[in-house]
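See below for the structure under consideration.
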Amino acid sequence: MKHTLSLILMAATVSAIANPLPVSVYDFNGSLAPIVNRFGTAQDLEFRAGRTGSVIVPATYSTETVGSVTKQVANFDDVANQEKFFRARHGMAVNGGGAYVNQYSMLFDLKVTSVGDWVSFYNTNHDNQNDGDAFIRASDSGLGISGVYAGTFERNQWNRVVITVDQGANQMNFYLNGGFVHQVALSGGTDGRWALYAYDDAFASWTDILGDNDGDNGIGQISLLGFYDTVLSANDVAALGPVGNPVPEPATLAVLGVGAIAAIRRRRK
Ligand SMILES: [Ca+2]
Ligand SMILES: [Ca+2]
Ligand SMILES: [Ca+2]
C-alpha cells in the first residue's frame, strides 16, 4: 500500500509539472522524419498519391511563416485520382483495453488554400478505401464528422487543430487554435471505426493523414503533426499554445529524474 501511494504521489507530481508528452512529432521542415520519437517506434512519413495510396511520391516543400516561426512546410494537393496524403507510422501502442489504439490525440498545424471543398484530417482504414474519419466541411469549414460540425477553420491561414478520441467512451473532441470547439458522439465503442492500428500491428501499422477514399481532400500545406497516446484535456491543449508553437519534447523529462520517469512508465500499463 505504501509503495502504491508513493507511485501515485510521484505520478501526480509529474502531471503537475509536465504537459503530456507526444509519442511522435513531425515538423516537415524539409524532411518527413520524426523530430520526436519518444519510444523509438515511429518511422518516417510516406507521401503517397492516388486513392489507394499505391504510389510513393517525393514530398515538396515551401517556406512559410507559421504563427511566429518561419520554416519549411510540406505541400499537398487534390489533383483528381492523385490526391495526396501522408502515411504515418506514428509509433503508438495498443491502449484502452482493446486490440487497437483507442485513446489518442492528434495535433495539426495546417493551412488549406482550396475553398468550398471537404478536407479529411485522417483515414483510419489501412488502404484509404473508405471515407475519411474527421473533416473540414465544404460548406462552412466547420470541424466534425458524422454530420455534426461546429467552428470555422479559416482557409488561407494557418490554424492549429487538435482532435482527441476516446473510442471506448465514443467521444471525439475538436479544438481550434487552443480553444474547445465541440464534442462529437462516436459509435462502435472499443476498437470501433476511430481506433487506430498500433505500431506493431501485424496487418497494418499506420494511419493515413489527410487521406480519403474519393477526393474529399483539399489543397494546402502542413507544418506540424503530433501524436499523443492519451486524450488531451482542454487545459493540455491550451498549454500547447498557438499555431507554430513547438510542442514539449521528452528531453524536458530529464530534469524530473529517474524516479519520475519510472512512475510514468508504470502508469502507461
Ligand atoms: Ca470520401
Ligand atoms: Ca475511414
Ligand atoms: Ca477536393
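The chains in the C-alpha cells are called A, B, ... from first to last as shown; in each chain the residues are counted from 1, and the ligands are counted from 1 in the order shown.
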
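Taking only C-alpha atoms, the non-local environment of stretch 170-186 of chain A within 8 Å (same-chain residues fewer than 4 positions away omitted) comprises Leu143, Gly144, Ile145, Val148, Ala150, Gly151, Phe153, Asn159, Arg160, Val161, Val162, Ile163, Thr164, Val165, Asp166, Ala234, Val237, Ala238, Ala239, Leu240, Gly241, Pro242 and Val243 of chain A.
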
Using only C-alpha atoms, please write the residues we just selected to a file, as a PDB file, in the first residue's frame.
ATOM      1  CA  LEU A 143     -14.926  20.766 -37.924  1.00  0.00           C
ATOM      2  CA  GLY A 144     -16.537  17.401 -37.239  1.00  0.00           C
ATOM      3  CA  ILE A 145     -17.733  14.042 -38.506  1.00  0.00           C
ATOM      4  CA  VAL A 148     -22.077  17.071 -36.641  1.00  0.00           C
ATOM      5  CA  ALA A 150     -19.006  23.317 -35.493  1.00  0.00           C
ATOM      6  CA  GLY A 151     -16.439  26.099 -35.530  1.00  0.00           C
ATOM      7  CA  PHE A 153     -11.456  26.639 -39.948  1.00  0.00           C
ATOM      8  CA  ASN A 159      -4.584  27.012 -37.868  1.00  0.00           C
ATOM      9  CA  ARG A 160      -3.768  24.597 -35.075  1.00  0.00           C
ATOM     10  CA  VAL A 161      -6.301  21.779 -34.783  1.00  0.00           C
ATOM     11  CA  VAL A 162      -6.254  19.146 -32.056  1.00  0.00           C
ATOM     12  CA  ILE A 163      -8.558  16.140 -32.303  1.00  0.00           C
ATOM     13  CA  THR A 164      -8.881  13.873 -29.275  1.00  0.00           C
ATOM     14  CA  VAL A 165     -10.523  10.455 -29.383  1.00  0.00           C
ATOM     15  CA  ASP A 166     -11.701   8.154 -26.642  1.00  0.00           C
ATOM     16  CA  ALA A 234      -8.769  21.288 -22.644  1.00  0.00           C
ATOM     17  CA  VAL A 237      -4.480  21.726 -25.488  1.00  0.00           C
ATOM     18  CA  ALA A 238      -4.455  25.346 -24.350  1.00  0.00           C
ATOM     19  CA  ALA A 239      -0.949  24.828 -22.966  1.00  0.00           C
ATOM     20  CA  LEU A 240       0.291  23.782 -26.412  1.00  0.00           C
ATOM     21  CA  GLY A 241      -0.037  27.407 -27.451  1.00  0.00           C
ATOM     22  CA  PRO A 242      -0.779  28.981 -30.822  1.00  0.00           C
ATOM     23  CA  VAL A 243      -0.121  27.597 -34.278  1.00  0.00           C
TER      24      VAL A 243
END

Within 7 Å of ligand 1: each chain A residue with its shortest pair, only C-alpha atoms and all ligand atoms, as a tab-separated table:
residue	atom	partner	partner_atom_place_in_ligand_line	distance
A:Asn130	CA	ligand 1	1 (Ca)	6.5
A:Asp131	CA	ligand 1	1 (Ca)	4.0
A:Gly132	CA	ligand 1	1 (Ca)	5.7
A:Asp212	CA	ligand 1	1 (Ca)	5.1
A:Asn213	CA	ligand 1	1 (Ca)	4.9
A:Asp214	CA	ligand 1	1 (Ca)	4.6
A:Gly215	CA	ligand 1	1 (Ca)	6.1
A:Asp216	CA	ligand 1	1 (Ca)	5.0

Would you mind exporting N, CA, C and O atoms of the selected residues as an mmCIF file, in the first residue's frame?
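For reference, again_9.cif as written:
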data_model
loop_
_atom_site.group_PDB
_atom_site.id
_atom_site.type_symbol
_atom_site.label_atom_id
_atom_site.label_comp_id
_atom_site.auth_asym_id
_atom_site.auth_seq_id
_atom_site.Cartn_x
_atom_site.Cartn_y
_atom_site.Cartn_z
ATOM 1 N N ASN A 130 -12.052 3.809 -47.652
ATOM 2 C CA ASN A 130 -13.373 4.262 -47.211
ATOM 3 C C ASN A 130 -13.268 5.731 -46.825
ATOM 4 O O ASN A 130 -12.215 6.352 -47.000
ATOM 5 N N ASP A 131 -14.353 6.284 -46.314
ATOM 6 C CA ASP A 131 -14.398 7.719 -46.079
ATOM 7 C C ASP A 131 -13.409 8.141 -44.984
ATOM 8 O O ASP A 131 -13.095 7.371 -44.075
ATOM 9 N N GLY A 132 -12.948 9.380 -45.087
ATOM 10 C CA GLY A 132 -12.142 9.949 -44.007
ATOM 11 C C GLY A 132 -12.910 9.910 -42.693
ATOM 12 O O GLY A 132 -14.130 9.707 -42.660
ATOM 13 N N ASP A 212 -8.462 10.236 -47.882
ATOM 14 C CA ASP A 212 -9.892 9.990 -48.112
ATOM 15 C C ASP A 212 -10.046 9.142 -49.367
ATOM 16 O O ASP A 212 -9.246 9.214 -50.290
ATOM 17 N N ASN A 213 -11.141 8.364 -49.422
ATOM 18 C CA ASN A 213 -11.308 7.377 -50.497
ATOM 19 C C ASN A 213 -11.681 7.963 -51.847
ATOM 20 O O ASN A 213 -11.403 7.355 -52.878
ATOM 21 N N ASP A 214 -12.362 9.114 -51.862
ATOM 22 C CA ASP A 214 -12.920 9.561 -53.142
ATOM 23 C C ASP A 214 -12.800 11.062 -53.351
ATOM 24 O O ASP A 214 -13.697 11.698 -53.898
ATOM 25 N N GLY A 215 -11.687 11.615 -52.915
ATOM 26 C CA GLY A 215 -11.398 13.001 -53.287
ATOM 27 C C GLY A 215 -11.839 14.058 -52.301
ATOM 28 O O GLY A 215 -11.800 15.250 -52.638
ATOM 29 N N ASP A 216 -12.247 13.668 -51.110
ATOM 30 C CA ASP A 216 -12.605 14.670 -50.103
ATOM 31 C C ASP A 216 -11.331 15.190 -49.439
ATOM 32 O O ASP A 216 -11.158 15.130 -48.213
#

All helix (DSSP H, G or I) residues (DSSP, backbone) inside stretch 74-264 of chain A, as an NGL selection string: :A and (234-239 or 250-256 or 258-264)

Next, the residues of the selection above should be written as a PDB file, in the first residue's frame with N, CA and C atoms.
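Contents of the output file result33.pdb:
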ATOM      1  N   ALA A 234      -8.694  19.906 -22.135  1.00  0.00           N
ATOM      2  CA  ALA A 234      -8.769  21.288 -22.644  1.00  0.00           C
ATOM      3  C   ALA A 234      -7.579  22.111 -22.146  1.00  0.00           C
ATOM      4  N   ASN A 235      -7.187  21.887 -20.898  1.00  0.00           N
ATOM      5  CA  ASN A 235      -6.022  22.609 -20.367  1.00  0.00           C
ATOM      6  C   ASN A 235      -4.746  22.200 -21.085  1.00  0.00           C
ATOM      7  N   ASP A 236      -4.614  20.888 -21.356  1.00  0.00           N
ATOM      8  CA  ASP A 236      -3.431  20.404 -22.088  1.00  0.00           C
ATOM      9  C   ASP A 236      -3.340  21.080 -23.455  1.00  0.00           C
ATOM     10  N   VAL A 237      -4.471  21.149 -24.139  1.00  0.00           N
ATOM     11  CA  VAL A 237      -4.480  21.726 -25.488  1.00  0.00           C
ATOM     12  C   VAL A 237      -4.155  23.211 -25.441  1.00  0.00           C
ATOM     13  N   ALA A 238      -4.741  23.909 -24.483  1.00  0.00           N
ATOM     14  CA  ALA A 238      -4.455  25.346 -24.350  1.00  0.00           C
ATOM     15  C   ALA A 238      -2.972  25.581 -24.097  1.00  0.00           C
ATOM     16  N   ALA A 239      -2.357  24.667 -23.315  1.00  0.00           N
ATOM     17  CA  ALA A 239      -0.949  24.828 -22.966  1.00  0.00           C
ATOM     18  C   ALA A 239      -0.025  24.608 -24.166  1.00  0.00           C
ATOM     19  N   PRO A 250      10.280  15.142 -25.110  1.00  0.00           N
ATOM     20  CA  PRO A 250      10.649  14.263 -23.997  1.00  0.00           C
ATOM     21  C   PRO A 250      11.914  14.687 -23.275  1.00  0.00           C
ATOM     22  N   ALA A 251      12.803  15.418 -23.923  1.00  0.00           N
ATOM     23  CA  ALA A 251      14.048  15.831 -23.283  1.00  0.00           C
ATOM     24  C   ALA A 251      13.789  16.614 -22.006  1.00  0.00           C
ATOM     25  N   THR A 252      12.640  17.286 -21.937  1.00  0.00           N
ATOM     26  CA  THR A 252      12.340  18.075 -20.745  1.00  0.00           C
ATOM     27  C   THR A 252      12.164  17.185 -19.519  1.00  0.00           C
ATOM     28  N   LEU A 253      11.979  15.884 -19.767  1.00  0.00           N
ATOM     29  CA  LEU A 253      11.815  14.949 -18.655  1.00  0.00           C
ATOM     30  C   LEU A 253      13.095  14.787 -17.846  1.00  0.00           C
ATOM     31  N   ALA A 254      14.219  15.065 -18.468  1.00  0.00           N
ATOM     32  CA  ALA A 254      15.499  14.798 -17.812  1.00  0.00           C
ATOM     33  C   ALA A 254      15.579  15.467 -16.442  1.00  0.00           C
ATOM     34  N   VAL A 255      14.982  16.633 -16.327  1.00  0.00           N
ATOM     35  CA  VAL A 255      15.076  17.363 -15.068  1.00  0.00           C
ATOM     36  C   VAL A 255      14.253  16.708 -13.959  1.00  0.00           C
ATOM     37  N   LEU A 256      13.360  15.808 -14.332  1.00  0.00           N
ATOM     38  CA  LEU A 256      12.467  15.212 -13.342  1.00  0.00           C
ATOM     39  C   LEU A 256      13.086  14.016 -12.638  1.00  0.00           C
ATOM     40  N   VAL A 258      15.031   9.984 -12.589  1.00  0.00           N
ATOM     41  CA  VAL A 258      14.723   8.602 -12.952  1.00  0.00           C
ATOM     42  C   VAL A 258      13.446   8.106 -12.283  1.00  0.00           C
ATOM     43  N   GLY A 259      13.230   8.480 -11.044  1.00  0.00           N
ATOM     44  CA  GLY A 259      12.047   8.006 -10.323  1.00  0.00           C
ATOM     45  C   GLY A 259      10.760   8.433 -11.002  1.00  0.00           C
ATOM     46  N   ALA A 260      10.736   9.668 -11.458  1.00  0.00           N
ATOM     47  CA  ALA A 260       9.534  10.182 -12.109  1.00  0.00           C
ATOM     48  C   ALA A 260       9.296   9.463 -13.424  1.00  0.00           C
ATOM     49  N   ILE A 261      10.374   9.212 -14.170  1.00  0.00           N
ATOM     50  CA  ILE A 261      10.224   8.519 -15.448  1.00  0.00           C
ATOM     51  C   ILE A 261       9.700   7.101 -15.217  1.00  0.00           C
ATOM     52  N   ALA A 262      10.222   6.444 -14.188  1.00  0.00           N
ATOM     53  CA  ALA A 262       9.745   5.096 -13.870  1.00  0.00           C
ATOM     54  C   ALA A 262       8.260   5.121 -13.545  1.00  0.00           C
ATOM     55  N   ALA A 263       7.828   6.161 -12.843  1.00  0.00           N
ATOM     56  CA  ALA A 263       6.408   6.271 -12.483  1.00  0.00           C
ATOM     57  C   ALA A 263       5.557   6.416 -13.738  1.00  0.00           C
ATOM     58  N   ILE A 264       6.045   7.208 -14.702  1.00  0.00           N
ATOM     59  CA  ILE A 264       5.297   7.398 -15.946  1.00  0.00           C
ATOM     60  C   ILE A 264       5.178   6.066 -16.674  1.00  0.00           C
TER      61      ILE A 264
END

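With the cut-off set to 7 Å and only C-alpha atoms and all ligand atoms counted, the residues surrounding ligand 3 are A:Asp78, A:Asp117, A:Trp118, A:Val119, A:Gly215, A:Asp216, A:Asn217, A:Gly218.
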
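Note that the spacing between atom CA of A:Arg51 and atom CA of A:Ala80 amounts to 9.1 Å.
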
At most 12 Å from ligand 2 (only C-alpha atoms and all ligand atoms): residue list as a PyMOL selection string: chain A and resi 120-135+145-146+192-196+207-214+216

Just to be explicit: take each residue in the selection above, keep N, CA, C and O atoms, and write the result as a short mmCIF file (atom, residue, chain, number, x, y, z; two decimals), in the first residue's frame.
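selection.cif, freshly written:
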data_model
loop_
_atom_site.label_atom_id
_atom_site.label_comp_id
_atom_site.auth_asym_id
_atom_site.auth_seq_id
_atom_site.Cartn_x
_atom_site.Cartn_y
_atom_site.Cartn_z
N SER A 120 -10.27 16.01 -45.49
CA SER A 120 -10.15 14.95 -44.49
C SER A 120 -8.92 15.18 -43.63
O SER A 120 -7.85 15.51 -44.14
N PHE A 121 -9.07 14.99 -42.32
CA PHE A 121 -7.89 15.03 -41.45
C PHE A 121 -7.15 13.70 -41.46
O PHE A 121 -5.93 13.68 -41.41
N TYR A 122 -7.88 12.60 -41.50
CA TYR A 122 -7.20 11.30 -41.48
C TYR A 122 -8.17 10.21 -41.84
O TYR A 122 -9.40 10.39 -41.79
N ASN A 123 -7.59 9.09 -42.23
CA ASN A 123 -8.38 7.90 -42.52
C ASN A 123 -7.81 6.74 -41.73
O ASN A 123 -6.63 6.41 -41.84
N THR A 124 -8.65 6.11 -40.92
CA THR A 124 -8.18 5.00 -40.09
C THR A 124 -8.10 3.69 -40.88
O THR A 124 -7.52 2.72 -40.40
N ASN A 125 -8.68 3.68 -42.06
CA ASN A 125 -8.66 2.48 -42.90
C ASN A 125 -7.23 2.19 -43.38
O ASN A 125 -6.48 3.11 -43.66
N HIS A 126 -6.88 0.93 -43.55
CA HIS A 126 -5.48 0.60 -43.83
C HIS A 126 -5.05 0.97 -45.24
O HIS A 126 -3.87 1.18 -45.50
N ASP A 127 -5.99 1.04 -46.20
CA ASP A 127 -5.58 1.36 -47.57
C ASP A 127 -6.41 2.50 -48.17
O ASP A 127 -6.54 2.60 -49.39
N ASN A 128 -6.96 3.35 -47.30
CA ASN A 128 -7.63 4.58 -47.75
C ASN A 128 -8.84 4.27 -48.63
O ASN A 128 -9.19 5.04 -49.51
N GLN A 129 -9.50 3.15 -48.38
CA GLN A 129 -10.59 2.72 -49.25
C GLN A 129 -11.97 2.96 -48.65
O GLN A 129 -12.95 2.35 -49.08
N ASN A 130 -12.05 3.81 -47.65
CA ASN A 130 -13.37 4.26 -47.21
C ASN A 130 -13.27 5.73 -46.83
O ASN A 130 -12.22 6.35 -47.00
N ASP A 131 -14.35 6.28 -46.31
CA ASP A 131 -14.40 7.72 -46.08
C ASP A 131 -13.41 8.14 -44.98
O ASP A 131 -13.10 7.37 -44.08
N GLY A 132 -12.95 9.38 -45.09
CA GLY A 132 -12.14 9.95 -44.01
C GLY A 132 -12.91 9.91 -42.69
O GLY A 132 -14.13 9.71 -42.66
N ASP A 133 -12.21 10.14 -41.58
CA ASP A 133 -12.81 9.93 -40.27
C ASP A 133 -12.92 11.20 -39.42
O ASP A 133 -13.38 11.13 -38.27
N ALA A 134 -12.55 12.34 -39.98
CA ALA A 134 -12.81 13.67 -39.40
C ALA A 134 -12.52 14.66 -40.52
O ALA A 134 -11.59 14.45 -41.31
N PHE A 135 -13.32 15.72 -40.60
CA PHE A 135 -13.25 16.59 -41.77
C PHE A 135 -13.35 18.08 -41.42
O PHE A 135 -13.90 18.45 -40.37
N ILE A 145 -17.55 15.34 -37.83
CA ILE A 145 -17.73 14.04 -38.51
C ILE A 145 -19.18 13.62 -38.27
O ILE A 145 -19.84 14.13 -37.35
N SER A 146 -19.65 12.71 -39.10
CA SER A 146 -20.98 12.12 -38.93
C SER A 146 -22.09 13.17 -38.93
O SER A 146 -23.08 13.06 -38.19
N GLY A 192 -13.67 0.38 -32.30
CA GLY A 192 -14.57 0.81 -33.37
C GLY A 192 -13.85 1.60 -34.46
O GLY A 192 -12.62 1.65 -34.53
N ARG A 193 -14.65 2.26 -35.30
CA ARG A 193 -14.15 2.91 -36.52
C ARG A 193 -12.96 3.83 -36.30
O ARG A 193 -12.07 3.93 -37.16
N TRP A 194 -12.93 4.56 -35.18
CA TRP A 194 -11.90 5.58 -34.99
C TRP A 194 -10.66 5.04 -34.28
O TRP A 194 -9.72 5.80 -34.06
N ALA A 195 -10.66 3.77 -33.90
CA ALA A 195 -9.45 3.18 -33.32
C ALA A 195 -8.39 3.08 -34.42
O ALA A 195 -8.70 2.86 -35.59
N LEU A 196 -7.12 3.25 -34.02
CA LEU A 196 -6.01 3.24 -34.98
C LEU A 196 -5.22 1.94 -34.88
O LEU A 196 -5.11 1.34 -33.81
N THR A 207 -1.55 5.19 -40.02
CA THR A 207 -2.77 5.98 -40.23
C THR A 207 -2.49 6.93 -41.39
O THR A 207 -1.41 7.52 -41.46
N ASP A 208 -3.47 7.07 -42.28
CA ASP A 208 -3.28 7.92 -43.45
C ASP A 208 -3.78 9.34 -43.17
O ASP A 208 -4.98 9.60 -43.14
N ILE A 209 -2.82 10.25 -42.97
CA ILE A 209 -3.12 11.63 -42.62
C ILE A 209 -3.53 12.40 -43.88
O ILE A 209 -2.82 12.36 -44.89
N LEU A 210 -4.67 13.07 -43.81
CA LEU A 210 -5.28 13.81 -44.92
C LEU A 210 -5.87 12.86 -45.97
O LEU A 210 -6.22 13.28 -47.07
N GLY A 211 -6.00 11.58 -45.63
CA GLY A 211 -6.46 10.60 -46.61
C GLY A 211 -7.98 10.50 -46.68
O GLY A 211 -8.68 10.65 -45.68
N ASP A 212 -8.46 10.24 -47.88
CA ASP A 212 -9.89 9.99 -48.11
C ASP A 212 -10.05 9.14 -49.37
O ASP A 212 -9.25 9.21 -50.29
N ASN A 213 -11.14 8.36 -49.42
CA ASN A 213 -11.31 7.38 -50.50
C ASN A 213 -11.68 7.96 -51.85
O ASN A 213 -11.40 7.36 -52.88
N ASP A 214 -12.36 9.11 -51.86
CA ASP A 214 -12.92 9.56 -53.14
C ASP A 214 -12.80 11.06 -53.35
O ASP A 214 -13.70 11.70 -53.90
N ASP A 216 -12.25 13.67 -51.11
CA ASP A 216 -12.60 14.67 -50.10
C ASP A 216 -11.33 15.19 -49.44
O ASP A 216 -11.16 15.13 -48.21
#

Test item, strand (DSSP E or B) assignment across stretch 43-86 of chain A, answer as a PyMOL selection string: chain A and resi 46-49+55-56+61-66+69-76+84-86

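Note that atom CA of A:Lys84 and atom CA of A:Val231 are 27.7 Å apart.
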
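Computed from the coordinates, the atom CA of A:Pro20 to atom CA of A:Pro34 distance equals 17.7 Å.
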
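Comparing A:Ile35, A:Met92, A:Val66, A:Val79 by their smallest distance to A:Ala49, the closest is A:Val79 (using only C-alpha atoms).
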
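Counting only C-alpha atoms, the residue from A:Gln157, A:Ser223, A:Asn245, A:Ser139 that sits nearest to A:Tyr26 is A:Ser223.
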
Near-A:Glu249 list (12 Å; only C-alpha atoms; drop same-chain fewer than 6 positions) as a PyMOL selection string: chain A and resi 18-26+34-38+226+228+240

10 Å contact set for A:Thr190, only C-alpha atoms, chain neighbours under 4 positions out, as number ranges by chain: A: 95-103, 166-170, 194-195

Store the residues of this selection in a file with all heavy atoms, as a short mmCIF file (atom, residue, chain, number, x, y, z; two decimals), in the first residue's frame.
data_model
loop_
_atom_site.label_atom_id
_atom_site.label_comp_id
_atom_site.auth_asym_id
_atom_site.auth_seq_id
_atom_site.Cartn_x
_atom_site.Cartn_y
_atom_site.Cartn_z
N ASN A 95 -4.00 0.53 -26.75
CA ASN A 95 -4.42 1.01 -25.43
C ASN A 95 -5.94 0.97 -25.31
O ASN A 95 -6.65 0.55 -26.24
CB ASN A 95 -3.85 2.42 -25.15
CG ASN A 95 -4.44 3.51 -26.04
OD1 ASN A 95 -5.49 3.33 -26.66
ND2 ASN A 95 -3.76 4.64 -26.09
N GLY A 96 -6.43 1.40 -24.15
CA GLY A 96 -7.87 1.49 -23.93
C GLY A 96 -8.57 0.14 -23.81
O GLY A 96 -9.80 0.07 -23.93
N GLY A 97 -7.81 -0.91 -23.59
CA GLY A 97 -8.45 -2.20 -23.34
C GLY A 97 -8.87 -2.96 -24.58
O GLY A 97 -9.61 -3.95 -24.48
N GLY A 98 -8.40 -2.53 -25.75
CA GLY A 98 -8.75 -3.24 -26.97
C GLY A 98 -7.51 -3.72 -27.71
O GLY A 98 -6.42 -3.80 -27.14
N ALA A 99 -7.72 -4.03 -28.99
CA ALA A 99 -6.63 -4.54 -29.82
C ALA A 99 -5.99 -3.44 -30.66
O ALA A 99 -5.05 -3.71 -31.42
CB ALA A 99 -7.15 -5.66 -30.73
N TYR A 100 -6.52 -2.22 -30.53
CA TYR A 100 -6.03 -1.08 -31.34
C TYR A 100 -5.77 0.12 -30.42
O TYR A 100 -5.97 0.04 -29.20
CB TYR A 100 -7.06 -0.71 -32.41
CG TYR A 100 -7.39 -1.85 -33.34
CD1 TYR A 100 -8.54 -2.62 -33.15
CD2 TYR A 100 -6.53 -2.19 -34.38
CE1 TYR A 100 -8.83 -3.69 -33.99
CE2 TYR A 100 -6.80 -3.26 -35.23
CZ TYR A 100 -7.96 -4.01 -35.03
OH TYR A 100 -8.24 -5.06 -35.85
N VAL A 101 -5.35 1.22 -31.02
CA VAL A 101 -5.14 2.45 -30.25
C VAL A 101 -6.50 3.13 -30.09
O VAL A 101 -7.05 3.68 -31.04
CB VAL A 101 -4.16 3.40 -30.98
CG1 VAL A 101 -3.88 4.63 -30.11
CG2 VAL A 101 -2.86 2.68 -31.34
N ASN A 102 -7.05 3.06 -28.90
CA ASN A 102 -8.41 3.55 -28.64
C ASN A 102 -8.44 4.95 -28.04
O ASN A 102 -9.47 5.62 -28.08
CB ASN A 102 -9.14 2.59 -27.72
CG ASN A 102 -9.61 1.34 -28.45
OD1 ASN A 102 -10.65 1.37 -29.10
ND2 ASN A 102 -8.83 0.26 -28.37
N GLN A 103 -7.33 5.36 -27.45
CA GLN A 103 -7.25 6.69 -26.83
C GLN A 103 -6.05 7.41 -27.42
O GLN A 103 -4.91 6.93 -27.29
CB GLN A 103 -7.11 6.56 -25.31
CG GLN A 103 -8.35 5.95 -24.66
CD GLN A 103 -8.14 5.61 -23.20
OE1 GLN A 103 -7.03 5.30 -22.77
NE2 GLN A 103 -9.21 5.68 -22.43
N ASP A 166 -11.57 9.25 -27.60
CA ASP A 166 -11.70 8.15 -26.64
C ASP A 166 -12.73 7.20 -27.25
O ASP A 166 -13.95 7.38 -27.06
CB ASP A 166 -12.14 8.67 -25.28
CG ASP A 166 -12.10 7.58 -24.21
OD1 ASP A 166 -12.19 6.39 -24.58
OD2 ASP A 166 -11.99 7.92 -23.02
N GLN A 167 -12.25 6.21 -27.99
CA GLN A 167 -13.15 5.35 -28.73
C GLN A 167 -14.02 4.50 -27.78
O GLN A 167 -15.19 4.26 -28.06
CB GLN A 167 -12.36 4.46 -29.69
CG GLN A 167 -13.17 3.44 -30.45
CD GLN A 167 -14.13 4.06 -31.47
OE1 GLN A 167 -13.74 4.42 -32.56
NE2 GLN A 167 -15.39 4.17 -31.10
N GLY A 168 -13.44 4.11 -26.65
CA GLY A 168 -14.23 3.33 -25.70
C GLY A 168 -15.42 4.11 -25.17
O GLY A 168 -16.51 3.56 -24.95
N ALA A 169 -15.22 5.42 -24.97
CA ALA A 169 -16.29 6.29 -24.48
C ALA A 169 -17.09 6.91 -25.63
O ALA A 169 -18.00 7.70 -25.37
CB ALA A 169 -15.69 7.39 -23.60
N ASN A 170 -16.72 6.60 -26.86
CA ASN A 170 -17.39 7.15 -28.05
C ASN A 170 -17.38 8.68 -28.07
O ASN A 170 -18.38 9.33 -28.35
CB ASN A 170 -18.84 6.65 -28.15
CG ASN A 170 -18.92 5.19 -28.55
OD1 ASN A 170 -18.15 4.73 -29.38
ND2 ASN A 170 -19.85 4.46 -27.93
N TRP A 194 -12.93 4.56 -35.18
CA TRP A 194 -11.90 5.58 -34.99
C TRP A 194 -10.66 5.04 -34.28
O TRP A 194 -9.72 5.80 -34.06
CB TRP A 194 -12.49 6.79 -34.26
CG TRP A 194 -13.41 7.56 -35.15
CD1 TRP A 194 -13.07 8.62 -35.95
CD2 TRP A 194 -14.81 7.34 -35.34
NE1 TRP A 194 -14.18 9.05 -36.64
CE2 TRP A 194 -15.26 8.30 -36.29
CE3 TRP A 194 -15.72 6.42 -34.83
CZ2 TRP A 194 -16.59 8.36 -36.72
CZ3 TRP A 194 -17.05 6.48 -35.26
CH2 TRP A 194 -17.47 7.45 -36.19
N ALA A 195 -10.66 3.77 -33.90
CA ALA A 195 -9.45 3.18 -33.32
C ALA A 195 -8.39 3.08 -34.42
O ALA A 195 -8.70 2.86 -35.59
CB ALA A 195 -9.76 1.81 -32.74
#

Name the residues in contact with A:Phe76 at a cut-off of 7 Å, using only C-alpha atoms, excluding same-chain residues fewer than 3 positions from it; report them as a short mmCIF file (atom, residue, chain, number, x, y, z; two decimals) with N, CA, C and O atoms, in the first residue's frame.
data_model
loop_
_atom_site.label_atom_id
_atom_site.label_comp_id
_atom_site.auth_asym_id
_atom_site.auth_seq_id
_atom_site.Cartn_x
_atom_site.Cartn_y
_atom_site.Cartn_z
N LYS A 84 -3.21 13.53 -52.58
CA LYS A 84 -2.03 13.20 -51.78
C LYS A 84 -2.38 13.05 -50.30
O LYS A 84 -3.28 13.73 -49.79
N ILE A 219 -6.40 21.33 -50.81
CA ILE A 219 -5.08 21.77 -51.26
C ILE A 219 -4.52 22.63 -50.14
O ILE A 219 -5.24 23.48 -49.60
N GLY A 220 -3.27 22.41 -49.80
CA GLY A 220 -2.71 23.24 -48.75
C GLY A 220 -1.33 22.80 -48.32
O GLY A 220 -0.58 22.20 -49.11
N GLN A 221 -1.03 23.09 -47.06
CA GLN A 221 0.29 22.83 -46.52
C GLN A 221 0.16 22.40 -45.06
O GLN A 221 -0.77 22.81 -44.37
#

Residue contacts of A:Phe47 (12 Å, only C-alpha atoms) excluding same-chain residues fewer than 4 positions away, as number ranges by chain: A: 28, 31-33, 53-61, 74-77, 82-89, 208-211
